[in-house]
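Just below is one structure, and these are the notes that go with it.
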Amino acid sequence: MTLLNDNDILTDDQRMICDGIRSVVTRFDDEYWLDHDESGDFPKDFHRAMADAGWLGITMPVEYGGSGLGVTEAALMMREVASHGGAMAAASAVHINLFGPHPIVVHGTPSQKERWIPNLVAGRDQCCFGFTEPDAGLNTTRIKTFAEKVPGGYLVNGQKVWTSTGQVANKIMLLTRTTRYEDCKRPTDGITIFYTDLDRDHIEVRRIAKMGRKAVDSNAIFIDRLFIPDEHRIGEEGKGFSYILDSLNPERILVGMEAIGIGTDALARAAKYAGERVVFDRPIGQNQGIQHPLAERWMALAAANLMALQAAKLYDSGRPCGAEANATKFLGARAGYDSCLQSVMTHGGFGYAKEYHVERLLREVTVTRIAPVTEQLIMSFIAEKVLGLPKSY
């Protein structure tokens with residue numbers, strides 16, 4: 001991460017974390033990720049290496065095998081993971097472990113934590129998340145997957161979409177309604193979270209072919225009479241919406257940092273190519289038409305990186321960070337995407353060739369502009385919460 005040059009504002013421990021993660025991720029070269037991009041196979045070797053090195057538990061409580069560190073350290077980790085050729089395939093392979101299981105950590109019973117968290121930290125369990133639905137999108141209160149109370153547990157029917165790692169996961173965190181929307185006093189009432197086995201006899205998982213991040217699958221899932229025992233419910237029935245709010249700001253920070261990592265990788269490749277590629281008897285990097293767009297991309301990445309560190313610092317100190325976390329996701333994704341696009345353009349025709357890898361980085365980074373929240377909703381949030389303008393949706 002020398003391009004961003006923020007070592008002087010990191011602690012010694014944070015620099016050691018970056019060095020430790022780099023020592024793992026750099027064992028997996030461009031060809032490893034290109035092979036997985038073409039085959040669509042989950043990067044099991046990479047996931048196992050990260051687990052064996054202890055990085056899957058960076059934010060998990062120490063008493064359950066984790067490191068108990070904060071969002072700042074998690075963000076630095078994900079920036080490093082994304083910036084060495086693996087892009088979103090590498091990031092998404094481990095991202096889900098950092099704050100996805102947060103409802104278990106905060107609202108789970110001691111028995112649930114003891115039973116579930118160590119397996120996630122060690123990589124013995126892989127969890128997918130069934131939150132988004134085709135007809136609800138970002139309007140989570142409108143989900144229709146329903147968990148009917150029956151003796152000893154719940155019977156669940158419904159459908160989810162964009163469920164990552166469903167092809168390889170053995171566990172699922174599932175967001176359901178336990179009270180129908182029309183029967184609730186408030187839209188956010190009546191939503192319940194479960195963590196349970198991904199029972200493929202009752203859950204059909206259909207892979208979605210997509211633009212990038214092929215190595216980490218996305219799926220539509222169809223749930224038919226899935227029985228979930230009472231002891232697999234997280235927290236109180238009907239309180240699930242408030243539980244997922246705990247992890248929204250960290251997720252935005254992490255996704256923004258991942259995009260920054262990918263963009264930094266792409267920028268470094270572009271600068272190297274521009275310095276070596278000779279046309280008309282001079283390196284193309286000597287031309288201001290090449291220099292200036294790359295310089296601008298560095299400034300955008302560096303600024304987004306500082307916003308991310310500020311947002312993470314606020315979160316870790318328990319202060320409000322909604323605006324900063326959303327701005328991190330917006331600015332990081334834009335800066336990362338623009339950097340990848342400029343890298344392709346700098347490479348010219350070779351930028352279109354897979355052997356230079358920058359076209360893959362562009363495909364991988366694009367999703368950060370879309371998920372987990374759209375740029376338009378972020379701007380609406382900033383307009384309302386920061387600028388005091390009327391709510392627009």
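Going by the structure tokens order, chains are called A, B, ..., each with residues numbered from 1, while ligands are numbered from 1 in the order shown.
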
Ser380 of chain A environment, 10 Å, only C-alpha atoms, sequence neighbours closer than 2 positions dropped, as a VMD selection string: chain A and resid 375 to 378 382 to 387 389 to 393

Selection: 7 Å around segment 80-95 of chain A, only C-alpha atoms, excl. self and same-chain fewer than 2 positions, as a short mmCIF file (atom, residue, chain, number, x, y, z; two decimals) with N, CA and C atoms, in the first residue's frame:
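Generated file (selection_26.cif):
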```cif
data_model
loop_
_atom_site.label_atom_id
_atom_site.label_comp_id
_atom_site.auth_asym_id
_atom_site.auth_seq_id
_atom_site.Cartn_x
_atom_site.Cartn_y
_atom_site.Cartn_z
N CYS A 18 -1.02 -5.04 8.72
CA CYS A 18 -0.91 -4.93 7.25
C CYS A 18 0.20 -5.82 6.73
N ILE A 21 -0.92 -9.58 6.96
CA ILE A 21 -1.90 -9.95 5.94
C ILE A 21 -1.23 -10.01 4.57
N ARG A 22 -0.35 -9.05 4.32
CA ARG A 22 0.34 -9.03 3.03
C ARG A 22 1.15 -10.30 2.83
N VAL A 25 -1.56 -12.90 1.61
CA VAL A 25 -2.25 -12.70 0.33
C VAL A 25 -1.29 -12.71 -0.86
N THR A 26 -0.04 -12.31 -0.65
CA THR A 26 0.90 -12.27 -1.77
C THR A 26 1.38 -13.67 -2.16
N ASP A 29 -0.93 -15.47 -6.50
CA ASP A 29 -0.55 -14.52 -7.54
C ASP A 29 -1.68 -14.25 -8.52
N ASP A 30 -1.38 -13.41 -9.51
CA ASP A 30 -2.38 -13.03 -10.51
C ASP A 30 -2.96 -14.25 -11.22
N TRP A 33 -5.72 -16.00 -9.31
CA TRP A 33 -7.02 -15.33 -9.34
C TRP A 33 -7.64 -15.35 -10.73
N HIS A 47 -8.92 -19.04 1.32
CA HIS A 47 -9.76 -18.97 2.52
C HIS A 47 -9.10 -19.74 3.66
N LEU A 56 -9.50 -14.57 9.95
CA LEU A 56 -10.96 -14.60 9.86
C LEU A 56 -11.62 -14.13 11.14
N LEU A 76 -8.30 -1.95 7.36
CA LEU A 76 -6.93 -2.06 6.85
C LEU A 76 -6.69 -3.47 6.30
N MET A 77 -7.22 -4.46 6.98
CA MET A 77 -7.10 -5.83 6.50
C MET A 77 -7.73 -5.98 5.13
N MET A 78 -8.95 -5.49 4.96
CA MET A 78 -9.65 -5.69 3.70
C MET A 78 -9.03 -4.87 2.57
N ASN A 97 -17.02 -12.86 7.16
CA ASN A 97 -16.71 -13.25 8.52
C ASN A 97 -16.55 -12.07 9.47
N LEU A 98 -16.31 -10.88 8.93
CA LEU A 98 -15.91 -9.78 9.79
C LEU A 98 -17.07 -9.18 10.57
N ARG A 213 -16.42 -11.19 -10.07
CA ARG A 213 -16.34 -11.94 -8.82
C ARG A 213 -16.92 -13.34 -9.00
N ALA A 215 -15.51 -16.16 -8.82
CA ALA A 215 -15.00 -17.16 -7.90
C ALA A 215 -15.77 -17.20 -6.58
N VAL A 216 -16.49 -16.14 -6.28
CA VAL A 216 -17.35 -16.12 -5.09
C VAL A 216 -18.79 -16.03 -5.59
N GLU A 258 -12.26 -1.84 0.45
CA GLU A 258 -11.95 -2.86 -0.55
C GLU A 258 -11.82 -2.23 -1.94
N GLY A 261 -8.57 -0.48 -2.17
CA GLY A 261 -7.50 -1.43 -2.39
C GLY A 261 -7.40 -1.87 -3.84
N ILE A 262 -8.54 -2.17 -4.45
CA ILE A 262 -8.54 -2.58 -5.86
C ILE A 262 -8.05 -1.43 -6.74
N THR A 264 -6.09 1.03 -5.93
CA THR A 264 -4.66 1.25 -5.74
C THR A 264 -3.84 0.23 -6.52
N ASP A 265 -4.31 -1.01 -6.52
CA ASP A 265 -3.66 -2.06 -7.31
C ASP A 265 -3.66 -1.69 -8.79
N LEU A 361 -9.87 -6.43 -12.86
CA LEU A 361 -10.03 -5.52 -11.73
C LEU A 361 -11.22 -4.58 -11.95
N GLU A 364 -14.34 -6.50 -11.35
CA GLU A 364 -14.50 -6.83 -9.93
C GLU A 364 -14.94 -5.62 -9.10
N VAL A 365 -14.37 -4.46 -9.39
CA VAL A 365 -14.65 -3.29 -8.56
C VAL A 365 -16.03 -2.71 -8.80
#
```

Atom CA of Val24 of chain A to atom CA of Ala53 of chain A, straight-line distance in Å: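 Atom CA of Ala53 of chain A sits 7.8 Å away from atom CA of Val24 of chain A.
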
Find the residues around Gly123 of chain A up to 9 Å (only C-alpha atoms counted), leave out those fewer than 2 positions away in its own chain, and share them as a ChimeraX atom specification. /A:47-48,50-52,56,118-121,125-126

Residue among A:Gly256, A:Gly349, A:Gly190, A:Pro229 lying closest to Leu155 of chain A, counting only C-alpha atoms: A:Pro229

Interatomic distance (Å, one decimal) between atom CA of Ala75 of chain A and atom CA of Ala333 of chain A: 14.0 Å

Exercise: Glu204 of chain A partners within 9 Å, only C-alpha atoms, chain neighbours under 5 positions left out, as a ChimeraX atom specification: /A:199,220-224

If you run DSSP on the backbone, which residues of segment 81-320 of chain A are alpha helix (DSSP H), as a VMD selection string? chain A and resid 81 to 82 87 to 99 102 to 107 110 to 121 240 to 245 248 to 276 288 to 316

May I have all residues of segment 33-213 of chain A that DSSP, computed from the backbone, assigns to strand (DSSP E or B), given as JSON, numbers by chain? {"A": [127, 128, 129, 130, 146, 147, 148, 149, 150, 153, 154, 155, 156, 157, 158, 159, 160, 161, 162, 163, 164, 171, 172, 173, 174, 175, 176, 177, 191, 192, 193, 194, 195, 196, 197, 203, 204, 205, 206, 207]}

Same residues, C-alpha atoms, saved as a compact mmCIF listing (two decimals), in the first residue's frame:
```txt
# COMPACT_ATOMS: atom_id res chain seq x y z
CA CYS A 127 -21.95 -18.81 6.39
CA CYS A 128 -24.07 -17.25 3.67
CA PHE A 129 -26.61 -14.49 4.27
CA GLY A 130 -30.21 -14.64 3.18
CA PHE A 146 -42.03 -15.98 6.54
CA ALA A 147 -41.18 -18.06 9.60
CA GLU A 148 -44.33 -19.60 11.05
CA LYS A 149 -44.17 -20.59 14.73
CA VAL A 150 -44.63 -24.33 15.22
CA GLY A 153 -39.27 -23.92 16.31
CA TYR A 154 -40.31 -22.29 13.06
CA LEU A 155 -41.30 -23.42 9.57
CA VAL A 156 -39.86 -21.12 6.91
CA ASN A 157 -40.93 -20.51 3.32
CA GLY A 158 -39.70 -17.82 0.95
CA GLN A 159 -37.09 -16.63 -1.50
CA LYS A 160 -33.83 -14.67 -1.31
CA VAL A 161 -31.50 -13.28 -3.96
CA TRP A 162 -27.83 -12.24 -4.18
CA THR A 163 -26.94 -14.72 -1.46
CA SER A 164 -23.14 -14.96 -1.68
CA LYS A 171 -24.64 -22.29 7.47
CA ILE A 172 -27.07 -19.50 6.69
CA MET A 173 -28.04 -16.34 8.54
CA LEU A 174 -31.63 -15.77 7.52
CA LEU A 175 -33.78 -12.67 7.84
CA THR A 176 -37.49 -13.45 7.98
CA ARG A 177 -40.82 -12.04 8.95
CA ILE A 191 -38.59 -9.21 11.58
CA THR A 192 -36.54 -12.06 13.07
CA ILE A 193 -33.01 -13.36 12.46
CA PHE A 194 -31.99 -17.02 12.49
CA TYR A 195 -28.61 -18.74 12.19
CA THR A 196 -29.01 -22.33 11.15
CA ASP A 197 -27.83 -25.16 8.93
CA ILE A 203 -33.20 -24.81 0.35
CA GLU A 204 -32.59 -24.79 -3.39
CA VAL A 205 -29.53 -22.74 -4.36
CA ARG A 206 -29.34 -21.45 -7.94
CA ARG A 207 -26.17 -19.75 -9.06
```

Rounded to one decimal, what separation in Å do you get between atom CA of Thr11 of chain A and atom CA of Ala271 of chain A? 28.6 Å

Pick out the closest residue to Phe28 of chain A from this set: A:Arg115, A:Arg124, A:Lys44, A:Lys214. Count only C-alpha atoms.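 With only C-alpha atoms as the atom set, the closest residue is A:Lys44.
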